[in-house]
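J.: Structure incoming, see below.
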Amino acid sequence: MVYFNPVTKNGRTVYVIKALSGQDIPDRDRRPHKSRTFTQLPQAERWLERMGYRGC
């Protein structure tokens, strides 16, 4: 499971995907991280779909 939140940073909206319960999520180079940040909503939605996450 992951959290998916829009956040306003420096006057711009960014989309943060954060891993739950100690799991890691891959970045572009497949290195593990606790969160990913996207500047555009379609990018974030596509990443979630590609990684197999779906909404409730």
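Going through the structure tokens in order, the chains are called A, B, and so on, while each chain numbers its residues from 1 and the ligands are numbered from 1 in the order shown.
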If we count only C-alpha atoms, what is near segment 15-20 of chain A at a cut-off of 6 Å, once residues fewer than 2 positions away on the same chain are taken out, given as a PyMOL selection string?

T.: chain A and resi 1-6+22-23+34-38

J.: So which bits of chain A end up strand (DSSP E) when you DSSP the backbone, as a PyMOL selection string?

T.: chain A and resi 2-9+12-19+25-26+32-33+35-38
